[in-house]
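Chemist: If it helps, the file is called work_21.cif and holds mmCIF, C-alpha atoms:
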data_coords
#
loop_
_atom_site.group_PDB
_atom_site.id
_atom_site.type_symbol
_atom_site.label_atom_id
_atom_site.label_comp_id
_atom_site.auth_asym_id
_atom_site.auth_seq_id
_atom_site.Cartn_x
_atom_site.Cartn_y
_atom_site.Cartn_z
ATOM 1 C CA MET A 5 -12.898 -83.978 191.603
ATOM 2 C CA ASP A 6 -13.277 -87.488 190.155
ATOM 3 C CA GLN A 7 -11.104 -88.664 193.025
ATOM 4 C CA LEU A 8 -14.025 -88.059 195.386
ATOM 5 C CA ASN A 9 -15.804 -91.106 193.933
ATOM 6 C CA ASP A 10 -12.894 -93.441 194.740
ATOM 7 C CA THR A 11 -13.241 -93.153 198.517
ATOM 8 C CA VAL A 12 -15.138 -95.736 200.562
ATOM 9 C CA VAL A 13 -16.325 -93.172 203.119
ATOM 10 C CA SER A 14 -19.335 -91.244 201.803
ATOM 11 C CA GLU A 15 -20.023 -89.177 204.927
ATOM 12 C CA PHE A 16 -18.426 -88.076 208.177
ATOM 13 C CA VAL A 17 -19.968 -87.980 211.644
ATOM 14 C CA LEU A 18 -19.364 -84.754 213.577
ATOM 15 C CA LEU A 19 -19.243 -85.403 217.320
ATOM 16 C CA GLY A 20 -20.038 -81.757 218.055
ATOM 17 C CA LEU A 21 -19.477 -79.792 221.253
ATOM 18 C CA SER A 22 -21.549 -81.566 223.919
ATOM 19 C CA THR A 23 -23.675 -84.627 224.639
ATOM 20 C CA SER A 24 -25.841 -82.990 227.326
ATOM 21 C CA TRP A 25 -29.320 -82.012 226.081
ATOM 22 C CA GLU A 26 -29.513 -78.978 228.380
ATOM 23 C CA THR A 27 -26.119 -77.774 227.193
ATOM 24 C CA LYS A 28 -27.141 -78.270 223.568
ATOM 25 C CA VAL A 29 -30.282 -76.173 224.006
ATOM 26 C CA PHE A 30 -28.287 -73.447 225.749
ATOM 27 C CA LEU A 31 -25.608 -73.437 223.037
ATOM 28 C CA THR A 32 -28.267 -73.371 220.315
ATOM 29 C CA PHE A 33 -29.741 -70.211 221.813
ATOM 30 C CA ILE A 34 -26.327 -68.590 222.298
ATOM 31 C CA PHE A 35 -24.982 -69.338 218.827
ATOM 32 C CA SER A 36 -28.259 -68.371 217.157
ATOM 33 C CA PHE A 37 -28.069 -65.015 218.925
ATOM 34 C CA LEU A 38 -24.387 -64.593 217.982
ATOM 35 C CA TYR A 39 -25.003 -65.508 214.346
ATOM 36 C CA LEU A 40 -27.904 -63.063 214.101
ATOM 37 C CA GLY A 41 -25.655 -60.356 215.540
ATOM 38 C CA ILE A 42 -22.894 -61.225 213.057
ATOM 39 C CA ILE A 43 -25.232 -61.039 210.057
ATOM 40 C CA LEU A 44 -27.034 -57.847 211.090
ATOM 41 C CA GLY A 45 -23.930 -56.051 212.365
ATOM 42 C CA ASN A 46 -21.701 -56.759 209.400
ATOM 43 C CA LEU A 47 -24.367 -56.222 206.739
ATOM 44 C CA PHE A 48 -25.347 -52.943 208.374
ATOM 45 C CA ILE A 49 -21.721 -51.829 208.126
ATOM 46 C CA LEU A 50 -21.489 -53.032 204.539
ATOM 47 C CA PHE A 51 -24.601 -51.111 203.451
ATOM 48 C CA SER A 52 -23.524 -48.014 205.391
ATOM 49 C CA VAL A 53 -20.215 -47.906 203.529
ATOM 50 C CA ILE A 54 -21.852 -48.568 200.144
ATOM 51 C CA PHE A 55 -24.669 -46.017 200.382
ATOM 52 C CA ASP A 56 -23.037 -43.235 202.425
ATOM 53 C CA SER A 57 -20.749 -41.109 200.267
ATOM 54 C CA HIS A 58 -19.004 -39.787 203.402
ATOM 55 C CA LEU A 59 -17.522 -43.258 203.900
ATOM 56 C CA HIS A 60 -16.093 -43.662 200.406
ATOM 57 C CA SER A 61 -12.494 -43.731 201.624
ATOM 58 C CA PRO A 62 -9.755 -46.397 201.668
ATOM 59 C CA MET A 63 -10.255 -47.330 205.322
ATOM 60 C CA TYR A 64 -13.987 -47.921 204.977
ATOM 61 C CA PHE A 65 -13.593 -49.703 201.646
ATOM 62 C CA LEU A 66 -11.345 -52.258 203.357
ATOM 63 C CA LEU A 67 -13.692 -52.369 206.341
ATOM 64 C CA ALA A 68 -16.664 -53.202 204.105
ATOM 65 C CA ASN A 69 -14.714 -56.076 202.573
ATOM 66 C CA LEU A 70 -13.779 -57.313 206.048
ATOM 67 C CA SER A 71 -17.450 -57.274 207.056
ATOM 68 C CA LEU A 72 -18.367 -59.268 203.957
ATOM 69 C CA ILE A 73 -15.700 -61.855 204.748
ATOM 70 C CA ASP A 74 -16.810 -62.045 208.398
ATOM 71 C CA VAL A 75 -20.290 -62.988 207.207
ATOM 72 C CA GLY A 76 -18.738 -65.661 205.009
ATOM 73 C CA VAL A 77 -16.486 -67.014 207.776
ATOM 74 C CA ALA A 78 -19.404 -67.364 210.187
ATOM 75 C CA SER A 79 -21.803 -68.761 207.584
ATOM 76 C CA THR A 80 -19.362 -71.509 206.646
ATOM 77 C CA THR A 81 -19.696 -73.276 209.995
ATOM 78 C CA VAL A 82 -22.133 -71.651 212.457
ATOM 79 C CA PRO A 83 -25.472 -72.563 210.739
ATOM 80 C CA LYS A 84 -24.371 -76.198 210.441
ATOM 81 C CA MET A 85 -23.239 -76.179 214.067
ATOM 82 C CA ILE A 86 -26.604 -74.795 215.238
ATOM 83 C CA THR A 87 -28.640 -77.408 213.349
ATOM 84 C CA ASP A 88 -26.352 -80.221 214.541
ATOM 85 C CA LEU A 89 -26.723 -79.223 218.190
ATOM 86 C CA LEU A 90 -30.322 -80.431 218.202
ATOM 87 C CA SER A 91 -29.725 -83.371 215.853
ATOM 88 C CA GLU A 92 -29.095 -86.837 217.209
ATOM 89 C CA TYR A 93 -27.066 -87.949 214.205
ATOM 90 C CA LYS A 94 -24.673 -85.236 213.017
ATOM 91 C CA VAL A 95 -23.419 -86.093 209.563
ATOM 92 C CA ILE A 96 -21.848 -84.244 206.689
ATOM 93 C CA SER A 97 -21.261 -85.733 203.244
ATOM 94 C CA PHE A 98 -17.728 -86.235 202.003
ATOM 95 C CA GLN A 99 -18.272 -83.603 199.307
ATOM 96 C CA GLY A 100 -19.855 -81.257 201.854
ATOM 97 C CA CYS A 101 -16.927 -81.732 204.229
ATOM 98 C CA VAL A 102 -14.358 -80.972 201.532
ATOM 99 C CA THR A 103 -16.354 -77.946 200.378
ATOM 100 C CA GLN A 104 -16.563 -76.619 203.934
ATOM 101 C CA ILE A 105 -12.805 -77.021 204.375
ATOM 102 C CA CYS A 106 -12.113 -75.102 201.169
ATOM 103 C CA PHE A 107 -14.411 -72.212 202.122
ATOM 104 C CA ILE A 108 -12.897 -72.040 205.615
ATOM 105 C CA HIS A 109 -9.385 -71.695 204.244
ATOM 106 C CA ILE A 110 -10.351 -69.353 201.411
ATOM 107 C CA THR A 111 -12.191 -66.929 203.707
ATOM 108 C CA GLY A 112 -9.512 -67.320 206.380
ATOM 109 C CA GLY A 113 -6.767 -66.466 203.896
ATOM 110 C CA VAL A 114 -8.724 -63.485 202.576
ATOM 111 C CA GLU A 115 -9.291 -62.146 206.101
ATOM 112 C CA MET A 116 -5.599 -62.415 206.982
ATOM 113 C CA VAL A 117 -4.585 -60.344 203.961
ATOM 114 C CA LEU A 118 -7.359 -57.808 204.629
ATOM 115 C CA LEU A 119 -6.153 -57.385 208.213
ATOM 116 C CA ILE A 120 -2.659 -56.692 206.874
ATOM 117 C CA ALA A 121 -4.114 -54.172 204.404
ATOM 118 C CA MET A 122 -6.062 -52.433 207.173
ATOM 119 C CA ALA A 123 -2.973 -52.300 209.382
ATOM 120 C CA PHE A 124 -1.019 -50.795 206.474
ATOM 121 C CA ASP A 125 -3.819 -48.282 205.950
ATOM 122 C CA ARG A 126 -3.650 -47.177 209.593
ATOM 123 C CA TYR A 127 0.160 -47.076 209.495
ATOM 124 C CA THR A 128 0.046 -44.834 206.405
ATOM 125 C CA ALA A 129 -2.638 -42.559 207.859
ATOM 126 C CA ILE A 130 -0.776 -42.072 211.154
ATOM 127 C CA CYS A 131 2.881 -42.222 210.106
ATOM 128 C CA LYS A 132 2.657 -40.675 206.602
ATOM 129 C CA PRO A 133 -0.484 -38.487 206.701
ATOM 130 C CA LEU A 134 0.667 -36.106 203.934
ATOM 131 C CA HIS A 135 1.079 -38.970 201.475
ATOM 132 C CA TYR A 136 -1.931 -41.002 202.614
ATOM 133 C CA LEU A 137 -4.281 -40.378 199.684
ATOM 134 C CA LYS A 138 -1.480 -40.924 197.179
ATOM 135 C CA ILE A 139 -0.337 -44.198 198.749
ATOM 136 C CA MET A 140 -3.835 -45.545 199.475
ATOM 137 C CA SER A 141 -5.266 -44.790 196.053
ATOM 138 C CA PRO A 142 -8.416 -46.582 194.813
ATOM 139 C CA LYS A 143 -6.230 -48.727 192.561
ATOM 140 C CA ILE A 144 -4.112 -49.863 195.518
ATOM 141 C CA CYS A 145 -7.211 -50.636 197.605
ATOM 142 C CA VAL A 146 -8.718 -52.768 194.852
ATOM 143 C CA SER A 147 -5.343 -54.480 194.425
ATOM 144 C CA PHE A 148 -5.350 -55.342 198.143
ATOM 145 C CA VAL A 149 -8.770 -56.990 197.835
ATOM 146 C CA ILE A 150 -7.845 -58.904 194.678
ATOM 147 C CA THR A 151 -4.596 -60.054 196.310
ATOM 148 C CA ALA A 152 -6.550 -61.190 199.360
ATOM 149 C CA TRP A 153 -8.876 -63.382 197.292
ATOM 150 C CA VAL A 154 -6.087 -64.792 195.147
ATOM 151 C CA THR A 155 -4.069 -65.598 198.266
ATOM 152 C CA GLY A 156 -7.059 -67.259 199.932
ATOM 153 C CA VAL A 157 -7.815 -69.425 196.897
ATOM 154 C CA ILE A 158 -4.172 -70.455 196.407
ATOM 155 C CA HIS A 159 -3.820 -71.179 200.131
ATOM 156 C CA ALA A 160 -6.871 -73.455 200.140
ATOM 157 C CA MET A 161 -6.253 -75.183 196.804
ATOM 158 C CA SER A 162 -2.593 -75.905 197.552
ATOM 159 C CA GLN A 163 -3.686 -78.013 200.523
ATOM 160 C CA PHE A 164 -6.788 -79.396 198.829
ATOM 161 C CA ALA A 165 -4.623 -80.854 196.042
ATOM 162 C CA PHE A 166 -2.839 -83.115 198.535
ATOM 163 C CA VAL A 167 -5.847 -84.185 200.583
ATOM 164 C CA ILE A 168 -8.235 -84.970 197.723
ATOM 165 C CA ASN A 169 -6.163 -87.979 196.655
ATOM 166 C CA LEU A 170 -6.085 -89.612 200.083
ATOM 167 C CA PRO A 171 -8.038 -92.872 200.529
ATOM 168 C CA PHE A 172 -10.741 -92.909 203.235
ATOM 169 C CA CYS A 173 -11.998 -96.335 204.311
ATOM 170 C CA GLY A 174 -12.970 -95.617 207.935
ATOM 171 C CA PRO A 175 -13.306 -94.588 210.714
ATOM 172 C CA ASN A 176 -15.385 -91.541 209.832
ATOM 173 C CA LYS A 177 -15.915 -89.746 213.174
ATOM 174 C CA ILE A 178 -14.583 -86.210 213.581
ATOM 175 C CA ASP A 179 -14.277 -84.884 217.129
ATOM 176 C CA SER A 180 -15.439 -81.384 216.271
ATOM 177 C CA PHE A 181 -18.333 -79.356 214.895
ATOM 178 C CA PHE A 182 -16.637 -78.650 211.551
ATOM 179 C CA CYS A 183 -14.280 -80.244 209.034
ATOM 180 C CA ASP A 184 -10.663 -79.251 208.621
ATOM 181 C CA PHE A 185 -7.586 -80.666 206.916
ATOM 182 C CA PRO A 186 -5.802 -81.972 210.056
ATOM 183 C CA ARG A 187 -8.849 -83.944 211.217
ATOM 184 C CA ILE A 188 -9.497 -85.394 207.768
ATOM 185 C CA ILE A 189 -5.888 -86.487 207.331
ATOM 186 C CA LYS A 190 -6.009 -88.408 210.606
ATOM 187 C CA LEU A 191 -8.909 -90.481 209.206
ATOM 188 C CA ALA A 192 -7.123 -91.386 205.967
ATOM 189 C CA CYS A 193 -6.152 -95.028 205.408
ATOM 190 C CA THR A 194 -2.517 -94.155 204.836
ATOM 191 C CA ASP A 195 0.453 -92.646 206.606
ATOM 192 C CA GLY A 196 -0.494 -88.996 206.660
ATOM 193 C CA TYR A 197 2.641 -87.651 208.345
ATOM 194 C CA LYS A 198 4.023 -85.932 205.259
ATOM 195 C CA TYR A 199 0.603 -84.447 204.477
ATOM 196 C CA GLU A 200 0.310 -83.209 208.047
ATOM 197 C CA PHE A 201 3.711 -81.560 207.692
ATOM 198 C CA ILE A 202 2.767 -79.884 204.394
ATOM 199 C CA ILE A 203 -0.487 -78.510 205.795
ATOM 200 C CA ALA A 204 1.144 -77.429 209.059
ATOM 201 C CA ALA A 205 3.899 -75.677 207.105
ATOM 202 C CA ASN A 206 1.384 -73.984 204.793
ATOM 203 C CA SER A 207 -1.234 -72.833 207.304
ATOM 204 C CA GLY A 208 1.246 -72.434 210.147
ATOM 205 C CA PHE A 209 3.607 -70.268 208.122
ATOM 206 C CA MET A 210 0.744 -68.136 206.824
ATOM 207 C CA SER A 211 -0.765 -67.684 210.302
ATOM 208 C CA MET A 212 2.506 -66.902 212.050
ATOM 209 C CA GLY A 213 3.771 -64.684 209.217
ATOM 210 C CA THR A 214 0.577 -62.646 209.136
ATOM 211 C CA PHE A 215 0.450 -62.407 212.928
ATOM 212 C CA PHE A 216 4.005 -61.062 213.215
ATOM 213 C CA LEU A 217 3.472 -58.599 210.343
ATOM 214 C CA LEU A 218 0.394 -57.232 212.092
ATOM 215 C CA ILE A 219 2.112 -56.986 215.475
ATOM 216 C CA LEU A 220 5.118 -55.279 213.848
ATOM 217 C CA SER A 221 2.873 -52.728 212.135
ATOM 218 C CA TYR A 222 1.080 -52.014 215.405
ATOM 219 C CA VAL A 223 4.413 -51.521 217.160
ATOM 220 C CA PHE A 224 5.426 -48.924 214.551
ATOM 221 C CA ILE A 225 2.071 -47.180 214.926
ATOM 222 C CA LEU A 226 2.257 -47.232 218.717
ATOM 223 C CA VAL A 227 5.753 -45.753 218.693
ATOM 224 C CA THR A 228 4.689 -43.029 216.253
ATOM 225 C CA VAL A 229 1.576 -42.097 218.248
ATOM 226 C CA TRP A 230 3.595 -42.190 221.456
ATOM 227 C CA LYS A 231 6.188 -39.761 220.083
ATOM 228 C CA ARG A 232 3.525 -37.393 218.790
ATOM 229 C CA SER A 233 1.600 -37.399 222.060
ATOM 230 C CA SER A 234 4.540 -36.128 224.155
ATOM 231 C CA GLY A 235 5.526 -39.525 225.494
ATOM 232 C CA ASP A 236 2.087 -40.512 226.771
ATOM 233 C CA LEU A 237 2.136 -44.241 225.958
ATOM 234 C CA SER A 238 -1.359 -44.792 227.346
ATOM 235 C CA LYS A 239 -2.888 -42.746 224.526
ATOM 236 C CA ALA A 240 -0.984 -44.748 221.951
ATOM 237 C CA PHE A 241 -1.971 -48.036 223.528
ATOM 238 C CA VAL A 242 -5.657 -47.124 223.747
ATOM 239 C CA THR A 243 -5.587 -46.215 220.052
ATOM 240 C CA LEU A 244 -4.818 -49.766 218.952
ATOM 241 C CA SER A 245 -5.498 -51.987 221.975
ATOM 242 C CA ALA A 246 -8.877 -53.104 220.648
ATOM 243 C CA HIS A 247 -7.402 -53.912 217.235
ATOM 244 C CA ILE A 248 -4.595 -55.929 218.821
ATOM 245 C CA THR A 249 -7.159 -57.824 220.901
ATOM 246 C CA VAL A 250 -9.061 -58.891 217.784
ATOM 247 C CA VAL A 251 -5.840 -59.957 216.057
ATOM 248 C CA VAL A 252 -4.781 -62.064 219.047
ATOM 249 C CA LEU A 253 -8.226 -63.670 219.299
ATOM 250 C CA PHE A 254 -8.306 -64.413 215.572
ATOM 251 C CA PHE A 255 -4.833 -65.943 215.318
ATOM 252 C CA THR A 256 -4.629 -67.879 218.600
ATOM 253 C CA PRO A 257 -6.753 -70.842 217.365
ATOM 254 C CA CYS A 258 -4.870 -70.945 214.043
ATOM 255 C CA ILE A 259 -1.477 -70.924 215.742
ATOM 256 C CA PHE A 260 -2.598 -73.509 218.295
ATOM 257 C CA LEU A 261 -3.784 -75.886 215.583
ATOM 258 C CA TYR A 262 -1.073 -75.466 212.964
ATOM 259 C CA VAL A 263 2.105 -74.408 214.768
ATOM 260 C CA TRP A 264 1.743 -77.284 217.238
ATOM 261 C CA PRO A 265 1.082 -79.804 214.482
ATOM 262 C CA PHE A 266 -2.239 -81.463 215.162
ATOM 263 C CA PRO A 267 -2.681 -81.506 218.963
ATOM 264 C CA THR A 268 -4.106 -84.623 220.522
ATOM 265 C CA SER A 269 -6.550 -82.769 222.753
ATOM 266 C CA SER A 270 -9.920 -81.504 221.541
ATOM 267 C CA LEU A 271 -9.273 -78.011 222.890
ATOM 268 C CA ASP A 272 -8.800 -76.602 219.406
ATOM 269 C CA LYS A 273 -12.466 -77.106 218.469
ATOM 270 C CA TYR A 274 -13.505 -74.829 221.333
ATOM 271 C CA LEU A 275 -10.851 -72.287 220.412
ATOM 272 C CA PHE A 276 -12.187 -72.095 216.868
ATOM 273 C CA ILE A 277 -15.544 -70.938 218.222
ATOM 274 C CA VAL A 278 -13.704 -67.640 218.713
ATOM 275 C CA ASP A 279 -12.794 -67.471 215.013
ATOM 276 C CA PHE A 280 -16.199 -68.483 213.698
ATOM 277 C CA ALA A 281 -18.572 -66.781 216.149
ATOM 278 C CA ILE A 282 -16.790 -64.293 218.417
ATOM 279 C CA THR A 283 -14.321 -62.424 216.192
ATOM 280 C CA PRO A 284 -16.860 -61.773 213.375
ATOM 281 C CA LEU A 285 -19.117 -60.218 216.012
ATOM 282 C CA LEU A 286 -16.327 -58.188 217.626
ATOM 283 C CA ASN A 287 -15.027 -56.721 214.370
ATOM 284 C CA PRO A 288 -18.104 -54.493 213.800
ATOM 285 C CA ALA A 289 -17.953 -53.279 217.399
ATOM 286 C CA ILE A 290 -14.234 -52.577 217.439
ATOM 287 C CA TYR A 291 -13.722 -51.211 213.943
ATOM 288 C CA THR A 292 -16.920 -49.137 213.747
ATOM 289 C CA LEU A 293 -18.804 -48.495 216.981
ATOM 290 C CA ARG A 294 -15.742 -46.692 218.363
ATOM 291 C CA ASN A 295 -15.479 -44.636 215.160
ATOM 292 C CA LYS A 296 -17.215 -41.269 215.115
ATOM 293 C CA ASP A 297 -17.732 -41.098 211.337
ATOM 294 C CA MET A 298 -19.165 -44.604 211.264
ATOM 295 C CA LYS A 299 -21.592 -43.837 214.087
ATOM 296 C CA ILE A 300 -22.901 -40.792 212.207
ATOM 297 C CA ALA A 301 -23.231 -42.800 208.984
ATOM 298 C CA MET A 302 -25.099 -45.598 210.727
ATOM 299 C CA LYS A 303 -27.527 -43.064 212.226
ATOM 300 C CA ARG A 304 -28.155 -41.610 208.765
ATOM 301 C CA LEU A 305 -28.777 -45.074 207.354
ATOM 302 C CA SER A 306 -31.129 -45.924 210.238
ATOM 303 C CA LYS A 307 -33.150 -42.762 209.600
ATOM 304 C CA TRP A 308 -33.284 -43.503 205.871
ATOM 305 C CA VAL A 309 -34.548 -47.039 206.514
ATOM 306 C CA TYR A 310 -37.135 -45.717 209.006
ATOM 307 C CA TYR A 311 -38.534 -43.076 206.649
ATOM 308 C CA THR A 312 -38.536 -45.539 203.752
ATOM 309 C CA GLN A 313 -40.544 -48.094 205.695
ATOM 310 C CA PHE A 314 -42.882 -45.936 207.767
ATOM 311 C CA CYS A 315 -43.266 -42.606 206.005
#
Just give me the structure of the file as structure tokens.
Modeler:
Amino acid sequence: MDQLNDTVVSEFVLLGLSTSWETKVFLTFIFSFLYLGIILGNLFILFSVIFDSHLHSPMYFLLANLSLIDVGVASTTVPKMITDLLSEYKVISFQGCVTQICFIHITGGVEMVLLIAMAFDRYTAICKPLHYLKIMSPKICVSFVITAWVTGVIHAMSQFAFVINLPFCGPNKIDSFFCDFPRIIKLACTDGYKYEFIIAANSGFMSMGTFFLLILSYVFILVTVWKRSSGDLSKAFVTLSAHITVVVLFFTPCIFLYVWPFPTSSLDKYLFIVDFAITPLLNPAIYTLRNKDMKIAMKRLSKWVYYTQFC
């Protein structure tokens, strides 16, 4: 971390999403509403799983961890984006920028592994129901979570190790509302091509690999459900269509940014709004509100909170 003191640039200027005052006010309201929904929705799920013994199962254990990560993903960028919308001078310190990048990639890596674990959980429950509890034992579930965090940290630190040594002497303007490795590398006072390649290979490979693993698992599940429902493909598709939608929404910005190494357009910053504000809000709706057991548990928790506060 001593390398941070060797750079000339001490802060970066975030250009944000818009220069129109009316648009800024509108976006402030929208993102504040979305962030509130993300926090309340995911924490409500987290507490429901923790305090309701009926939800102490592998699927809900992984779901609770996903909700926790969704709160972290959103909190890494959305509060800063909201405050910057109404600020004339949007700055972030060099240390703050690097810290934000690390948290983005750690939480992003954790979420990718958790999505794989949840897909494996559903595959086991549907395709191998008689062996489900044996395969998805508590030890395996905890191992999934530990693996997710280790993967996220290694993924972030492996890129951080290259970027931290780059010299930054100006310019310091980032055409986005958050910091990320590709944008920082472009501002370095050196030829960053090899660093761009390393980061694209790292994040791009992880994004594409995870995406194809998830799609492959869903294909196996769809085929299994289809065969067991007398050839009615619509039933199989409805079973996982919402999950596939979330996966596509989550990975599209990542693939756009890292598989096409560092696009020249600023479209990617708008795409990442989906990852930071839309997907964390959709996950509670898709993974829980369509689930009968979760609905019952949430009603029980609501009643408990009501009687605790008012009775």
Chemist: Pull out every residue that the PyMOL selection byres ((chain A and resi 164) around 12) matches in the shown coordinates and put them as a ChimeraX atom specification.
Modeler: /A:5,7-8,101-110,157-163,165-170,184-186,188-189,199,202-203,206
Chemist: Using atom CA of Phe255 of chain A and atom CA of Met116 of chain A as the two end points, give the distance in Å to one decimal.
Modeler: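 Taking atom CA of Phe255 of chain A as the start and atom CA of Met116 of chain A as the end point, the length is 9.1 Å.
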Chemist: Find the residue from A:Leu66, A:Cys145, A:Leu119, A:Leu261 that sits nearest to Phe276 of chain A; use only C-alpha atoms when measuring.
Modeler: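 Closest residue, counting only C-alpha atoms: A:Leu261.
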Chemist: Name the closest residue to Gly213 of chain A among the candidates A:Gly41, A:Ile120, A:Ile178, A:Ala289; distances are taken between atoms, counting all atoms listed in the file.
Modeler: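 That would be A:Ile120, the residue with the smallest distance to Gly213 of chain A.
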Chemist: Go through the shown structure with the PyMOL selection byres ((chain A and resi 80-84) around 8) and write out the matching residues as a list in words.
Modeler: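 For this structure, the PyMOL selection byres ((chain A and resi 80-84) around 8) resolves to Phe35, Tyr39, Gly76, Val77, Ala78, Ser79, Met85, Ile86, Thr87, Asp88, Gln104, Phe107, Ile108, Phe181, Phe182, Phe280 and Ala281 of chain A.
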Chemist: Which residues fall under the PyMOL selection byres ((chain A and resi 121) around 12) in this file, as a count of residues only?
Modeler: 36
Chemist: For segment 105-116 of chain A, I'd like the enclosing box, axis-aligned and padded by 4 Å on every side, reported as AutoDock Vina command-line options with centre and edge lengths in Å to one decimal.
Modeler:
--center_x -10.0 --center_y -69.6 --center_z 204.1 --size_x 16.8 --size_y 22.9 --size_z 13.8
Chemist: Enter the distance from atom CA of Thr256 of chain A to atom CA of Leu226 of chain A, in Å, rounded to one decimal.
Modeler: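 Result for atom CA of Thr256 of chain A versus atom CA of Leu226 of chain A: 21.8 Å, one decimal.
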Chemist: Pick from A:Leu19, A:Ile225, A:Ser57, A:Phe260: nearest to Ala129 of chain A, with all atoms listed in the file counted?
Modeler: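 Nearest candidate to Ala129 of chain A out of A:Leu19, A:Ile225, A:Ser57, A:Phe260: A:Ile225.
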Chemist: Measuring between only C-alpha atoms, which one of A:Asp272, A:Asp279, A:Asp195, A:Glu26 shows the shortest distance to Val250 of chain A?
Modeler: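 Smallest separation from Val250 of chain A among the options: A:Asp279.
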Chemist: So what do you get for atom CA of Leu44 of chain A versus atom CA of Val75 of chain A, distance-wise?
Modeler: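 Result for atom CA of Leu44 of chain A versus atom CA of Val75 of chain A: 9.3 Å, one decimal.
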Chemist: Name the closest residue to His60 of chain A among the candidates A:Ser141, A:Ile73, A:Lys307, A:Pro257; distances are taken between atoms, counting only C-alpha atoms.
Modeler: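 The closest residue to His60 of chain A is A:Ser141.
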Chemist: Give as a PyMOL selection string every residue, naming chains and numbers as the document does, that has an atom within 12 Å of (-18.9, -84.1, 216.9), counting all atoms listed in the file.
Modeler: chain A and resi 16-23+84-85+88-89+91-96+176-183+187+270+273-274
Chemist: Create the file for the chosen residues now, containing C-alpha atoms and written as a short mmCIF file (atom, residue, chain, number, x, y, z; two decimals), keeping the file's coordinate frame.
Modeler:
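Okay, this is what ended up in selection_1.cif:
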data_model
loop_
_atom_site.label_atom_id
_atom_site.label_comp_id
_atom_site.auth_asym_id
_atom_site.auth_seq_id
_atom_site.Cartn_x
_atom_site.Cartn_y
_atom_site.Cartn_z
CA PHE A 16 -18.43 -88.08 208.18
CA VAL A 17 -19.97 -87.98 211.64
CA LEU A 18 -19.36 -84.75 213.58
CA LEU A 19 -19.24 -85.40 217.32
CA GLY A 20 -20.04 -81.76 218.06
CA LEU A 21 -19.48 -79.79 221.25
CA SER A 22 -21.55 -81.57 223.92
CA THR A 23 -23.68 -84.63 224.64
CA LYS A 84 -24.37 -76.20 210.44
CA MET A 85 -23.24 -76.18 214.07
CA ASP A 88 -26.35 -80.22 214.54
CA LEU A 89 -26.72 -79.22 218.19
CA SER A 91 -29.72 -83.37 215.85
CA GLU A 92 -29.10 -86.84 217.21
CA TYR A 93 -27.07 -87.95 214.20
CA LYS A 94 -24.67 -85.24 213.02
CA VAL A 95 -23.42 -86.09 209.56
CA ILE A 96 -21.85 -84.24 206.69
CA ASN A 176 -15.38 -91.54 209.83
CA LYS A 177 -15.92 -89.75 213.17
CA ILE A 178 -14.58 -86.21 213.58
CA ASP A 179 -14.28 -84.88 217.13
CA SER A 180 -15.44 -81.38 216.27
CA PHE A 181 -18.33 -79.36 214.90
CA PHE A 182 -16.64 -78.65 211.55
CA CYS A 183 -14.28 -80.24 209.03
CA ARG A 187 -8.85 -83.94 211.22
CA SER A 270 -9.92 -81.50 221.54
CA LYS A 273 -12.47 -77.11 218.47
CA TYR A 274 -13.50 -74.83 221.33
#
Chemist: Which one is closest to Phe30 of chain A: A:Thr228, A:Ile42, A:Ile219, A:Leu90? Count only C-alpha atoms.
Modeler: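 Ranked by minimum distance to Phe30 of chain A, first place goes to A:Leu90.
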Chemist: Please reconstruct the missing atoms of segment 138-147 of chain A (target: N, CA and C atoms) and return them as a CSV table (one decimal), keeping the file's coordinate frame.
Modeler:
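File part-v7.csv, as written:
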chain,number,residue,atom,x,y,z
A,138,LYS,N,-2.3,-40.5,198.3
A,138,LYS,CA,-1.5,-40.9,197.2
A,138,LYS,C,-1.1,-42.4,197.3
A,139,ILE,N,-0.7,-42.8,198.5
A,139,ILE,CA,-0.3,-44.2,198.7
A,139,ILE,C,-1.6,-45.1,198.7
A,140,MET,N,-2.6,-44.7,199.4
A,140,MET,CA,-3.8,-45.5,199.5
A,140,MET,C,-4.8,-45.1,198.4
A,141,SER,N,-4.4,-45.2,197.2
A,141,SER,CA,-5.3,-44.8,196.1
A,141,SER,C,-6.3,-45.9,195.8
A,142,PRO,N,-7.4,-45.6,195.1
A,142,PRO,CA,-8.4,-46.6,194.8
A,142,PRO,C,-7.8,-47.8,194.1
A,143,LYS,N,-6.9,-47.6,193.3
A,143,LYS,CA,-6.2,-48.7,192.6
A,143,LYS,C,-5.5,-49.6,193.5
A,144,ILE,N,-4.8,-49.1,194.5
A,144,ILE,CA,-4.1,-49.9,195.5
A,144,ILE,C,-5.1,-50.6,196.4
A,145,CYS,N,-6.2,-50.0,196.8
A,145,CYS,CA,-7.2,-50.6,197.6
A,145,CYS,C,-7.8,-51.8,196.9
A,146,VAL,N,-8.2,-51.7,195.6
A,146,VAL,CA,-8.7,-52.8,194.9
A,146,VAL,C,-7.7,-53.9,194.7
A,147,SER,N,-6.4,-53.5,194.5
A,147,SER,CA,-5.3,-54.5,194.4
A,147,SER,C,-5.2,-55.3,195.7
